[in-house]
Every structure is written in structure tokens, then in C-alpha cells.
$ cat run31.pdb   # PDB, C-alpha atoms
ATOM      1  CA  MET F 280      13.958 -46.669 -21.713
ATOM      2  CA  ASN F 281      16.538 -44.003 -22.516
ATOM      3  CA  GLU F 282      14.904 -40.593 -22.266
ATOM      4  CA  ASP F 283      17.802 -38.811 -23.958
ATOM      5  CA  THR F 284      17.464 -40.697 -27.204
ATOM      6  CA  GLU F 285      13.703 -40.437 -27.386
ATOM      7  CA  PHE F 286      12.034 -38.247 -30.012
ATOM      8  CA  GLN F 287      15.302 -37.259 -31.662
ATOM      9  CA  GLU F 288      13.446 -36.232 -34.780
ATOM     10  CA  THR F 289      11.570 -33.456 -33.031
ATOM     11  CA  GLY F 290      14.228 -32.375 -30.542
ATOM     12  CA  LYS F 291      13.347 -29.858 -27.844
ATOM     13  CA  LYS F 292      11.960 -27.206 -30.155
ATOM     14  CA  THR F 293       8.354 -26.065 -30.184
ATOM     15  CA  PRO F 294       6.441 -24.658 -33.176
ATOM     16  CA  PHE F 295       5.161 -21.706 -31.144
ATOM     17  CA  LYS F 296       6.292 -18.146 -31.649
ATOM     18  CA  VAL F 297       5.998 -15.011 -29.528
ATOM     19  CA  PRO F 298       5.339 -11.457 -30.758
ATOM     20  CA  THR F 299       8.536  -9.428 -31.151
ATOM     21  CA  GLY F 300       9.535  -7.530 -28.028
ATOM     22  CA  PHE F 301       7.203  -9.584 -25.872
ATOM     23  CA  PHE F 302       9.795 -10.496 -23.242
ATOM     24  CA  GLU F 303      11.112  -6.927 -23.107
ATOM     25  CA  HIS F 304       7.712  -5.507 -22.163
ATOM     26  CA  ILE F 305       6.196  -8.275 -20.081
ATOM     27  CA  SER F 306       7.785  -7.060 -16.821
ATOM     28  CA  GLU F 307       6.362  -3.552 -17.288
ATOM     29  CA  LYS F 308       2.978  -4.922 -18.255
ATOM     30  CA  THR F 309       2.914  -7.181 -15.202
ATOM     31  CA  LEU F 310       3.841  -4.349 -12.852
ATOM     32  CA  LEU F 311       1.170  -2.135 -14.423
ATOM     33  CA  LYS F 312      -1.435  -4.872 -14.002
ATOM     34  CA  ALA F 313      -0.405  -5.396 -10.366
ATOM     35  CA  LYS F 314      -0.629  -1.642  -9.729
ATOM     36  CA  GLN F 315      -4.060  -1.391 -11.361
ATOM     37  CA  ARG F 316      -5.307  -4.329  -9.342
ATOM     38  CA  GLU F 317      -4.049  -2.774  -6.131
ATOM     39  CA  GLN F 318      -5.723   0.540  -7.020
ATOM     40  CA  ASN F 319      -8.957  -1.283  -7.771
ATOM     41  CA  SER F 320      -8.834  -3.167  -4.501
ATOM     42  CA  ARG F 321      -8.139   0.119  -2.652
ATOM     43  CA  LYS F 322     -11.096   1.757  -4.404
ATOM     44  CA  MET F 323     -13.245  -1.224  -3.509
ATOM     45  CA  LEU F 324     -12.074  -0.978   0.098
ATOM     46  CA  ILE F 325     -12.920   2.739   0.211
ATOM     47  CA  VAL F 326     -16.374   2.068  -1.258
ATOM     48  CA  LEU F 327     -16.964  -0.723   1.241
ATOM     49  CA  ARG F 328     -15.820   1.415   4.170
ATOM     50  CA  THR F 329     -17.991   4.356   3.048
ATOM     51  CA  PHE F 330     -20.932   2.030   2.705
ATOM     52  CA  ALA F 331     -20.314   0.559   6.149
ATOM     53  CA  VAL F 332     -20.075   4.030   7.758
ATOM     54  CA  ALA F 333     -23.225   5.211   5.939
ATOM     55  CA  ALA F 334     -25.083   2.079   7.009
ATOM     56  CA  SER F 335     -24.051   2.568  10.663
ATOM     57  CA  PHE F 336     -25.152   6.230  10.622
ATOM     58  CA  SER F 337     -28.479   5.293   9.064
ATOM     59  CA  ALA F 338     -29.017   2.597  11.678
ATOM     60  CA  ILE F 339     -28.226   5.004  14.522
ATOM     61  CA  ALA F 340     -30.463   7.725  13.033
ATOM     62  CA  LEU F 341     -33.323   5.274  12.576
ATOM     63  CA  LEU F 342     -32.951   4.003  16.140
ATOM     64  CA  GLY F 343     -32.895   7.579  17.481
ATOM     65  CA  TYR F 344     -35.989   8.456  15.477
ATOM     66  CA  PHE F 345     -37.951   5.507  16.861
ATOM     67  CA  ILE F 346     -36.887   6.232  20.443
ATOM     68  CA  THR F 347     -37.881   9.939  20.278
ATOM     69  CA  GLU F 348     -41.110   9.207  18.445
ATOM     70  CA  THR F 349     -42.315   6.631  20.981
ATOM     71  CA  GLU F 350     -41.472   8.988  23.875
ATOM     72  CA  LYS F 351     -43.902  11.717  22.647
ATOM     73  CA  PRO F 352     -47.059  12.037  24.921
ATOM     74  CA  GLU F 353     -49.525  11.958  21.996
ATOM     75  CA  ILE F 354     -47.926   8.750  20.715
ATOM     76  CA  LYS F 355     -48.043   7.254  24.225
ATOM     77  CA  GLN F 356     -51.728   8.186  24.456
ATOM     78  CA  GLU F 357     -52.396   6.680  21.067
ATOM     79  CA  VAL F 358     -50.616   3.495  22.084
ATOM     80  CA  GLN F 359     -52.726   3.292  25.255
ATOM     81  CA  ASN F 360     -55.906   3.841  23.273
ATOM     82  CA  LYS F 361     -54.921   1.146  20.864
ATOM     83  CA  GLN F 362     -54.148  -1.200  23.749
ATOM     84  CA  THR F 363     -57.577  -0.672  25.317
ATOM     85  CA  GLU F 364     -59.204  -1.096  21.918
ATOM     86  CA  ILE F 365     -57.424  -4.356  21.502
ATOM     87  CA  LYS F 366     -58.417  -5.492  24.998
ATOM     88  CA  ASP F 367     -62.043  -4.681  24.246
ATOM     89  CA  THR F 368     -62.036  -6.573  21.014
ATOM     90  CA  ILE F 369     -60.317  -9.585  22.560
ATOM     91  CA  GLN F 370     -62.626 -10.087  25.642
ATOM     92  CA  PRO F 371     -66.086  -8.772  24.810
ATOM     93  CA  SER F 372     -68.028 -12.019  25.433
ATOM     94  CA  LYS F 373     -66.645 -12.544  28.957
ATOM     95  CA  VAL F 374     -67.432  -8.993  29.963
ATOM     96  CA  ILE F 375     -70.966  -9.172  28.609
ATOM     97  CA  ALA F 376     -71.532 -12.501  30.359
ATOM     98  CA  LYS F 377     -70.374 -11.049  33.691
ATOM     99  CA  GLN F 378     -72.461  -7.932  33.215
ATOM    100  CA  ILE F 379     -75.593  -9.949  32.633
ATOM    101  CA  THR F 380     -75.299 -12.101  35.759
ATOM    102  CA  ILE F 381     -74.341  -9.246  38.056
ATOM    103  CA  ALA F 382     -77.099  -7.060  36.682
ATOM    104  CA  GLU F 383     -79.646  -9.777  37.135
ATOM    105  CA  ILE F 384     -78.558 -10.440  40.687
ATOM    106  CA  LYS F 385     -78.465  -6.800  41.676
ATOM    107  CA  LYS F 386     -81.429  -5.448  39.757
ATOM    108  CA  VAL F 387     -83.938  -8.196  39.109
ATOM    109  CA  ALA F 388     -83.938 -10.055  42.393
ATOM    110  CA  PRO F 389     -84.220  -7.189  44.909
ATOM    111  CA  ALA F 390     -86.506  -5.267  42.599
ATOM    112  CA  LYS F 391     -88.753  -8.280  42.429
ATOM    113  CA  ALA F 392     -89.007  -8.450  46.200
ATOM    114  CA  ILE F 393     -89.773  -4.752  46.496
ATOM    115  CA  ILE F 394     -92.282  -4.829  43.654
ATOM    116  CA  LYS F 395     -93.952  -7.848  45.200
ATOM    117  CA  GLU F 396     -94.542  -5.940  48.434
ATOM    118  CA  THR F 397     -95.585  -2.579  47.018
ATOM    119  CA  HIS F 398     -97.152  -3.312  43.621
ATOM    120  CA  PRO F 399     -98.201  -6.986  43.425
ATOM    121  CA  GLU F 400    -100.197  -6.495  40.180
ATOM    122  CA  GLU F 401     -97.075  -5.194  38.345
ATOM    123  CA  VAL F 402     -95.062  -8.299  39.211
ATOM    124  CA  THR F 403     -97.533 -10.457  37.342
ATOM    125  CA  ASP F 404     -97.307  -8.106  34.373
ATOM    126  CA  VAL F 405     -93.503  -8.238  34.387
ATOM    127  CA  LEU F 406     -93.459 -12.000  34.673
ATOM    128  CA  SER F 407     -95.940 -12.428  31.836
ATOM    129  CA  GLU F 408     -93.756 -10.330  29.576
ATOM    130  CA  MET F 409     -90.644 -12.459  30.329
ATOM    131  CA  SER F 410     -89.634 -15.367  28.106
ATOM    132  CA  ASP F 411     -89.341 -18.951  29.378
ATOM    133  CA  ASP F 412     -85.543 -18.767  29.454
ATOM    134  CA  GLU F 413     -85.585 -15.554  31.411
ATOM    135  CA  LEU F 414     -88.011 -17.055  33.872
ATOM    136  CA  LEU F 415     -85.809 -20.115  34.360
ATOM    137  CA  GLN F 416     -82.806 -17.867  34.875
ATOM    138  CA  LEU F 417     -84.713 -15.792  37.391
ATOM    139  CA  ALA F 418     -85.755 -18.889  39.266
ATOM    140  CA  ALA F 419     -82.169 -20.113  39.417
ATOM    141  CA  ILE F 420     -80.984 -16.778  40.764
ATOM    142  CA  TYR F 421     -83.784 -16.714  43.258
ATOM    143  CA  LYS F 422     -82.860 -20.153  44.586
ATOM    144  CA  SER F 423     -79.129 -19.503  44.739
ATOM    145  CA  ASP F 424     -79.293 -16.042  46.344
ATOM    146  CA  PRO F 425     -79.220 -16.383  50.184
ATOM    147  CA  PHE F 426     -80.077 -12.718  50.709
ATOM    148  CA  ILE F 427     -83.435 -13.041  48.992
ATOM    149  CA  GLU F 428     -84.373 -15.828  51.405
ATOM    150  CA  GLU F 429     -83.367 -13.685  54.364
ATOM    151  CA  SER F 430     -85.415 -10.738  53.148
ATOM    152  CA  GLN F 431     -88.564 -12.924  53.008
ATOM    153  CA  PRO F 432     -90.983 -12.400  55.931
TER     154      PRO F 432
ATOM    155  CA  MET T 150      11.357 -11.787 -12.799
ATOM    156  CA  ASP T 151      13.812 -11.102 -15.651
ATOM    157  CA  THR T 152      15.741 -14.315 -14.947
ATOM    158  CA  TYR T 153      12.752 -16.603 -14.909
ATOM    159  CA  LYS T 154      10.202 -14.975 -17.219
ATOM    160  CA  GLU T 155      11.286 -16.851 -20.366
ATOM    161  CA  PRO T 156      11.482 -20.413 -18.987
ATOM    162  CA  ILE T 157       8.266 -19.889 -17.031
ATOM    163  CA  TYR T 158       6.521 -18.435 -20.089
ATOM    164  CA  TRP T 159       7.519 -21.420 -22.229
ATOM    165  CA  HIS T 160       6.450 -23.840 -19.514
ATOM    166  CA  ILE T 161       3.029 -22.179 -19.439
ATOM    167  CA  ARG T 162       2.804 -21.820 -23.209
ATOM    168  CA  ARG T 163       3.476 -25.507 -23.777
ATOM    169  CA  LEU T 164       0.685 -26.350 -21.367
ATOM    170  CA  VAL T 165      -1.985 -23.900 -22.546
ATOM    171  CA  ILE T 166      -0.819 -23.458 -26.198
ATOM    172  CA  SER T 167      -2.521 -20.056 -26.655
ATOM    173  CA  HIS T 168      -0.131 -17.072 -26.411
ATOM    174  CA  GLU T 169      -2.800 -14.778 -24.918
ATOM    175  CA  ASP T 170      -3.650 -17.277 -22.189
ATOM    176  CA  ALA T 171       0.054 -17.900 -21.538
ATOM    177  CA  GLU T 172       0.648 -14.161 -21.165
ATOM    178  CA  ASP T 173      -2.235 -13.786 -18.706
ATOM    179  CA  ILE T 174      -1.082 -16.770 -16.659
ATOM    180  CA  LEU T 175       2.512 -15.520 -16.656
ATOM    181  CA  GLN T 176       1.390 -12.134 -15.329
ATOM    182  CA  GLU T 177      -0.832 -13.821 -12.762
ATOM    183  CA  THR T 178       2.087 -16.017 -11.699
ATOM    184  CA  PHE T 179       4.400 -13.065 -11.083
ATOM    185  CA  ILE T 180       1.682 -11.055  -9.320
ATOM    186  CA  ASN T 181       1.229 -14.045  -6.995
ATOM    187  CA  VAL T 182       4.992 -14.231  -6.541
ATOM    188  CA  TYR T 183       5.066 -10.579  -5.398
ATOM    189  CA  ARG T 184       2.019 -11.083  -3.227
ATOM    190  CA  PHE T 185       3.234 -14.237  -1.510
ATOM    191  CA  ALA T 186       6.962 -13.498  -1.523
ATOM    192  CA  ASP T 187       6.951 -13.433   2.284
ATOM    193  CA  SER T 188       5.579 -16.975   2.442
ATOM    194  CA  PHE T 189       8.575 -18.343   0.509
ATOM    195  CA  LYS T 190      10.608 -20.033   3.216
ATOM    196  CA  GLY T 191      13.558 -20.993   1.084
ATOM    197  CA  ASP T 192      13.038 -24.722   1.728
ATOM    198  CA  SER T 193      12.837 -25.269  -2.032
ATOM    199  CA  LYS T 194      14.682 -23.685  -4.916
ATOM    200  CA  VAL T 195      13.268 -20.424  -6.289
ATOM    201  CA  PHE T 196      12.616 -21.872  -9.717
ATOM    202  CA  THR T 197      10.804 -24.873  -8.191
ATOM    203  CA  TRP T 198       8.600 -22.457  -6.260
ATOM    204  CA  LEU T 199       7.942 -20.418  -9.438
ATOM    205  CA  TYR T 200       7.153 -23.538 -11.451
ATOM    206  CA  ARG T 201       4.768 -24.616  -8.725
ATOM    207  CA  ILE T 202       2.877 -21.300  -8.813
ATOM    208  CA  ALA T 203       2.816 -21.293 -12.626
ATOM    209  CA  THR T 204       1.618 -24.909 -12.817
ATOM    210  CA  ASN T 205      -1.095 -24.212 -10.249
ATOM    211  CA  GLU T 206      -2.228 -21.228 -12.300
ATOM    212  CA  CYS T 207      -2.345 -23.448 -15.394
ATOM    213  CA  THR T 208      -4.445 -26.109 -13.672
ATOM    214  CA  ARG T 209      -6.738 -23.351 -12.390
ATOM    215  CA  HIS T 210      -7.056 -22.173 -15.999
ATOM    216  CA  PHE T 211      -7.948 -25.723 -17.106
ATOM    217  CA  ARG T 212     -10.652 -25.986 -14.445
ATOM    218  CA  LYS T 213     -12.050 -22.541 -15.229
ATOM    219  CA  ASN T 214     -12.084 -22.972 -19.016
ATOM    220  CA  LYS T 215     -13.485 -26.429 -19.656
ATOM    221  CA  ASN T 216     -13.240 -25.818 -23.413
ATOM    222  CA  TRP T 217      -9.570 -24.839 -23.387
ATOM    223  CA  ILE T 218      -8.385 -28.135 -24.971
ATOM    224  CA  ASN T 219     -10.588 -27.639 -28.042
ATOM    225  CA  LYS T 220      -9.187 -24.138 -28.353
ATOM    226  CA  ALA T 221      -5.618 -25.497 -28.114
ATOM    227  CA  VAL T 222      -6.296 -28.202 -30.707
ATOM    228  CA  LYS T 223      -7.789 -25.586 -33.038
ATOM    229  CA  ILE T 224      -4.687 -23.412 -32.641
ATOM    230  CA  THR T 225      -2.343 -26.276 -33.590
ATOM    231  CA  GLU T 226      -4.620 -27.298 -36.470
ATOM    232  CA  GLY T 227      -4.707 -23.705 -37.684
ATOM    233  CA  MET T 228      -0.913 -23.514 -37.515
ATOM    234  CA  ALA T 229      -0.619 -26.808 -39.439
ATOM    235  CA  GLU T 230      -2.985 -25.534 -42.150
ATOM    236  CA  GLY T 231      -0.841 -22.427 -42.558
ATOM    237  CA  LEU T 232       2.221 -24.450 -43.479
ATOM    238  CA  SER T 233       3.247 -25.065 -47.110
ATOM    239  CA  GLY T 234       5.696 -27.601 -48.572
ATOM    240  CA  ASN T 235       9.219 -26.223 -48.001
ATOM    241  CA  ASP T 236      11.740 -27.926 -45.691
ATOM    242  CA  ALA T 237      11.617 -25.448 -42.797
ATOM    243  CA  GLU T 238       7.861 -25.720 -42.650
ATOM    244  CA  ASN T 239       8.058 -29.488 -42.895
ATOM    245  CA  SER T 240      10.038 -29.556 -39.656
ATOM    246  CA  ASP T 241       7.374 -27.260 -38.143
ATOM    247  CA  ALA T 242       4.766 -29.793 -39.246
ATOM    248  CA  ILE T 243       6.579 -32.505 -37.290
ATOM    249  CA  LEU T 244       6.761 -30.242 -34.252
ATOM    250  CA  LEU T 245       3.050 -29.471 -34.521
ATOM    251  CA  LYS T 246       2.204 -33.147 -34.789
ATOM    252  CA  PHE T 247       4.301 -33.738 -31.710
ATOM    253  CA  GLN T 248       2.393 -31.009 -29.861
ATOM    254  CA  GLN T 249      -0.902 -32.540 -30.978
ATOM    255  CA  ALA T 250       0.280 -35.875 -29.612
ATOM    256  CA  ILE T 251       1.074 -34.221 -26.250
ATOM    257  CA  LEU T 252      -2.383 -32.614 -26.206
ATOM    258  CA  GLN T 253      -3.968 -36.077 -26.329
ATOM    259  CA  LEU T 254      -2.438 -36.965 -22.969
ATOM    260  CA  PRO T 255      -4.240 -36.793 -19.641
ATOM    261  CA  GLU T 256      -3.473 -33.612 -17.682
ATOM    262  CA  LYS T 257      -0.996 -35.057 -15.178
ATOM    263  CA  GLN T 258       0.961 -36.971 -17.838
ATOM    264  CA  ARG T 259       1.051 -33.881 -20.066
ATOM    265  CA  ILE T 260       2.459 -31.719 -17.263
ATOM    266  CA  VAL T 261       5.037 -34.327 -16.241
ATOM    267  CA  PHE T 262       6.097 -34.949 -19.836
ATOM    268  CA  ASN T 263       6.531 -31.237 -20.564
ATOM    269  CA  MET T 264       8.542 -30.622 -17.409
ATOM    270  CA  ARG T 265      10.767 -33.612 -17.948
ATOM    271  CA  TYR T 266      11.184 -33.494 -21.710
ATOM    272  CA  TYR T 267      11.340 -29.760 -22.458
ATOM    273  CA  ASP T 268      12.377 -28.157 -19.163
ATOM    274  CA  GLU T 269      14.639 -31.104 -18.318
ATOM    275  CA  LEU T 270      13.760 -30.925 -14.656
ATOM    276  CA  SER T 271      14.813 -33.784 -12.399
ATOM    277  CA  TYR T 272      12.127 -36.091 -11.073
ATOM    278  CA  GLU T 273      12.887 -34.816  -7.567
ATOM    279  CA  ASP T 274      12.170 -31.229  -8.635
ATOM    280  CA  ILE T 275       9.020 -32.260 -10.489
ATOM    281  CA  GLY T 276       8.011 -34.167  -7.345
ATOM    282  CA  ASN T 277       8.431 -30.992  -5.286
ATOM    283  CA  ILE T 278       6.386 -28.995  -7.776
ATOM    284  CA  LEU T 279       3.539 -31.485  -8.103
ATOM    285  CA  ASP T 280       3.704 -33.112  -4.659
ATOM    286  CA  SER T 281       4.234 -36.544  -6.207
ATOM    287  CA  SER T 282       6.649 -39.378  -5.624
ATOM    288  CA  VAL T 283       9.502 -40.023  -8.066
ATOM    289  CA  ASN T 284       8.164 -43.484  -8.958
ATOM    290  CA  THR T 285       4.733 -42.099  -9.825
ATOM    291  CA  LEU T 286       6.316 -39.430 -11.999
ATOM    292  CA  LYS T 287       8.514 -41.980 -13.792
ATOM    293  CA  THR T 288       5.425 -44.078 -14.504
ATOM    294  CA  ASN T 289       3.568 -40.986 -15.739
ATOM    295  CA  TYR T 290       6.429 -40.078 -18.053
ATOM    296  CA  HIS T 291       6.728 -43.628 -19.365
ATOM    297  CA  TYR T 292       3.011 -43.855 -20.204
ATOM    298  CA  ALA T 293       3.093 -40.392 -21.764
ATOM    299  CA  SER T 294       6.018 -41.175 -24.086
ATOM    300  CA  GLU T 295       4.444 -44.497 -25.101
ATOM    301  CA  LYS T 296       1.179 -42.764 -25.973
ATOM    302  CA  ILE T 297       3.002 -40.082 -27.959
ATOM    303  CA  LYS T 298       4.932 -42.675 -29.938
ATOM    304  CA  GLN T 299       1.750 -44.568 -30.667
ATOM    305  CA  TYR T 300      -0.008 -41.352 -31.760
ATOM    306  CA  LEU T 301       2.862 -40.467 -34.108
ATOM    307  CA  ILE T 302       2.804 -43.965 -35.622
ATOM    308  CA  ASP T 303      -0.965 -43.776 -36.103
ATOM    309  CA  GLN T 304      -0.753 -40.339 -37.723
ATOM    310  CA  ALA T 305       2.174 -41.246 -40.025
TER     311      ALA T 305
END
$ encode --input "run31.pdb" --output "C-alpha cells"
Amino acid sequence: MNEDTEFQETGKKTPFKVPTGFFEHISEKTLLKAKQREQNSRKMLIVLRTFAVAASFSAIALLGYFITETEKPEIKQEVQNKQTEIKDTIQPSKVIAKQITIAEIKKVAPAKAIIKETHPEEVTDVLSEMSDDELLQLAAIYKSDPFIEESQP
Amino acid sequence: MDTYKEPIYWHIRRLVISHEDAEDILQETFINVYRFADSFKGDSKVFTWLYRIATNECTRHFRKNKNWINKAVKITEGMAEGLSGNDAENSDAILLKFQQAILQLPEKQRIVFNMRYYDELSYEDIGNILDSSVNTLKTNYHYASEKIKQYLIDQA
């Protein structure tokens, strides 16, 4: 294959044309485009920097606001109130359960002994008004409480 | 820029066909040259380096504009339709047909053919520009010229 003798009919010409004066002005145009691009990138950089500074200031201001707000006594008090409210709503059943047993031990059992000694007719009335469950509970407390046994004559 | 703007423009123009696209790519090429001038180590010739940047910009243009080939074919068809019967325009018709034949080639063959045939670059220089071996480039050129000949015969 001889490359030099190939396509002799067409030669090295091309059918394309360029507008007149194109090559005279292309350097200027290119420099102008480069300058515009640089200006645009500078503007973009300035915008980005401004945005970054503004964002940092906002973040600092927001942080400062939260710190000062949470340090105020009325806010602290409110937080404490909320915390106790939450505690109450989380553990109500346990507290009630404890209150019932302690109350029964402290009130019902000794009271029963005293009532039995002083007003025997009232004990029967009290017992008749109690439900079966309450009676069973009372019996269990009575059996398990060593102090009631000791107080017996 | 003044020394190389014309050969680089024609290299780009032959690859992308459209003048507007060629102008944009030429400007982009020289902006990149200014931007990356410091990275030029002088290992290769200046024109090889410029051709490399310009060719890379062209391939980027091909990837970005998937429809560019249809646009190029339309341009050459439009130019062919604008020709009448006199002798000067008849020679333009042959040139246009030749360009249409080149447009049928795969991208790599088209680039190699243009660089070798029109720019008359050595295979070593083309190898430096495209990061290819001389043998591969010779094969590419051979296939390209065979396909062009066949296209011209078919269209005759």
C-alpha cells in the first residue's frame, strides 16, 4: 500500500470553508472567553465563600441561642417539671402497687388489732363490708406479718 | 496560539464537521493549553501536545453529543445539495463524497485517517497523541482507506 498515491483524485483539500476574518479574531475571542470564565469562577468563589461565612455565623448564633435559653432558671424549672411528669407517666402502676401493700400493712393490720380490743362489734361490721379478695389479702398480710403475732396476748 | 490555530482548527473541523462546534472546541483547547501550560514537561513536541488536547476535546464532544454524527452527515448533505453542475462545484462534490466516506468510519479509524492523510503526521507522533502503538495505527489506517475506497465505489 502506497499512502502517497492514494486518493489522488481528491487530494488533501476539504470542502469546508470558514467565515472571513475568522482566524484573525479567534485569538481575541478565546482570550475574552477565558477572561469571562475566570471572572465567573471568581464570582462563584466569592458567592461560595460568603455563603460559607454566613452559614458559620448562623450556626454559631443558633448554638449560642440554645445555650443561653437552656441556662435560664424558668426553662430549667420547666425542664424539671417535664421530667417529673414523664417519670409519673412512666411508672404509675408500680407506685400504686407499692402504696397499696404498704398502706394495708400499716393501716389495716394494726387498726384491726386495736379495733378488735376496743370495739369488737365494729370489726365484724368492717369485715362484712369487705369483698372476698380483700379478705384473702388481709388474711395473707395477717399471716406474713410477725409483728401482729407478737402483739397478740 | 497564532502558529498553531489554523492546523489545529482544521484538525478539529475535519473531525466534527460543524464550524460552530469546531470554533468552540478550538477555544476550549487553547483555554486548556493556558490552564495546563505548567504541566507541559517538554517530553513531547508542542504540536503533539496541542493535537492531543484538541483530539481529547473532540472525543469529549462526541461522548457529550451522541447525535453529533447525524448533524455532521446533514451538514455534508446540505452542502452537496447546494452544489450545481459547473466544474469547480463538481470537484467540491467529490470532496464532499470523500468526507461522507470518512464519516462512515469508526471513531478511532476516522481520527487516525485524518491525522495521517490530511495532517501528514508520522505514525510515531500519532502514537504519542493517541497512546497507541505504530502497528495498531498502521492497521487502523489500512482498514480506514479500504473502507473509504469501497464506499466511493459503492456511491459511484
$ atom_distance --input "run31.pdb" --atom1 "atom CA of Glu317 of chain F" --atom2 "atom CA of Tyr183 of chain T"
12.0 Å
$ interface_residues --input "run31.pdb" --of "chain F" --to "chain T" --cutoff "12 Å" --atoms "all atoms listed in the file" --output "number ranges by chain"
F: 280-298, 301-317
$ atom_distance --input "run31.pdb" --atom1 "atom CA of Gly231 of chain T" --atom2 "atom CA of Leu301 of chain T"
20.3 Å
$ atom_distance --input "run31.pdb" --atom1 "atom CA of Ser188 of chain T" --atom2 "atom CA of Arg201 of chain T"
13.6 Å
$ closest_residue --input "run31.pdb" --among "T:Val261, T:Ala221, T:Ile275, T:Leu254" --to "Phe196 of chain T" --atoms "all atoms listed in the file"
T:Ile275
$ residues_near_point --input "run31.pdb" --point "(-9.2, -28.7, -28.6)" --cutoff "12 Å" --atoms "all atoms listed in the file" --output "list in words"
Val165, Ile166, Ser167, Phe211, Asn214, Lys215, Asn216, Trp217, Ile218, Asn219, Lys220, Ala221, Val222, Lys223, Ile224, Thr225, Glu226, Gly227, Gln248, Gln249, Ala250, Ile251, Leu252 and Gln253 of chain T
$ residues_around --input "run31.pdb" --residues "Glu273 of chain T" --least-positions-apart "4" --cutoff "10 Å" --atoms "only C-alpha atoms" --output "compact mmCIF listing (two decimals) with C-alpha atoms, in the frame of the given file"
# COMPACT_ATOMS: atom_id res chain seq x y z
CA ASN T 277 8.43 -30.99 -5.29
CA ILE T 278 6.39 -29.00 -7.78
CA LEU T 279 3.54 -31.48 -8.10
CA ASP T 280 3.70 -33.11 -4.66
CA SER T 281 4.23 -36.54 -6.21
CA SER T 282 6.65 -39.38 -5.62
CA VAL T 283 9.50 -40.02 -8.07
CA ASN T 284 8.16 -43.48 -8.96
CA LEU T 286 6.32 -39.43 -12.00
$ axis_aligned_box --input "run31.pdb" --around "segment 279-296 of chain T" --padding-each-side "4 Å" --output "lines of an AutoDock Vina configuration file"
center_x = 5.3
center_y = -38.0
center_z = -15.3
size_x = 16.3
size_y = 21.0
size_z = 29.3
$ resolve_selection --input "run31.pdb" --expression "the PyMOL selection byres ((chain T and resi 208) around 12)" --output "NGL selection string"
:T and (161 or 164-165 or 174 or 201-207 or 209-215 or 217 or 256-257 or 259-260 or 279)
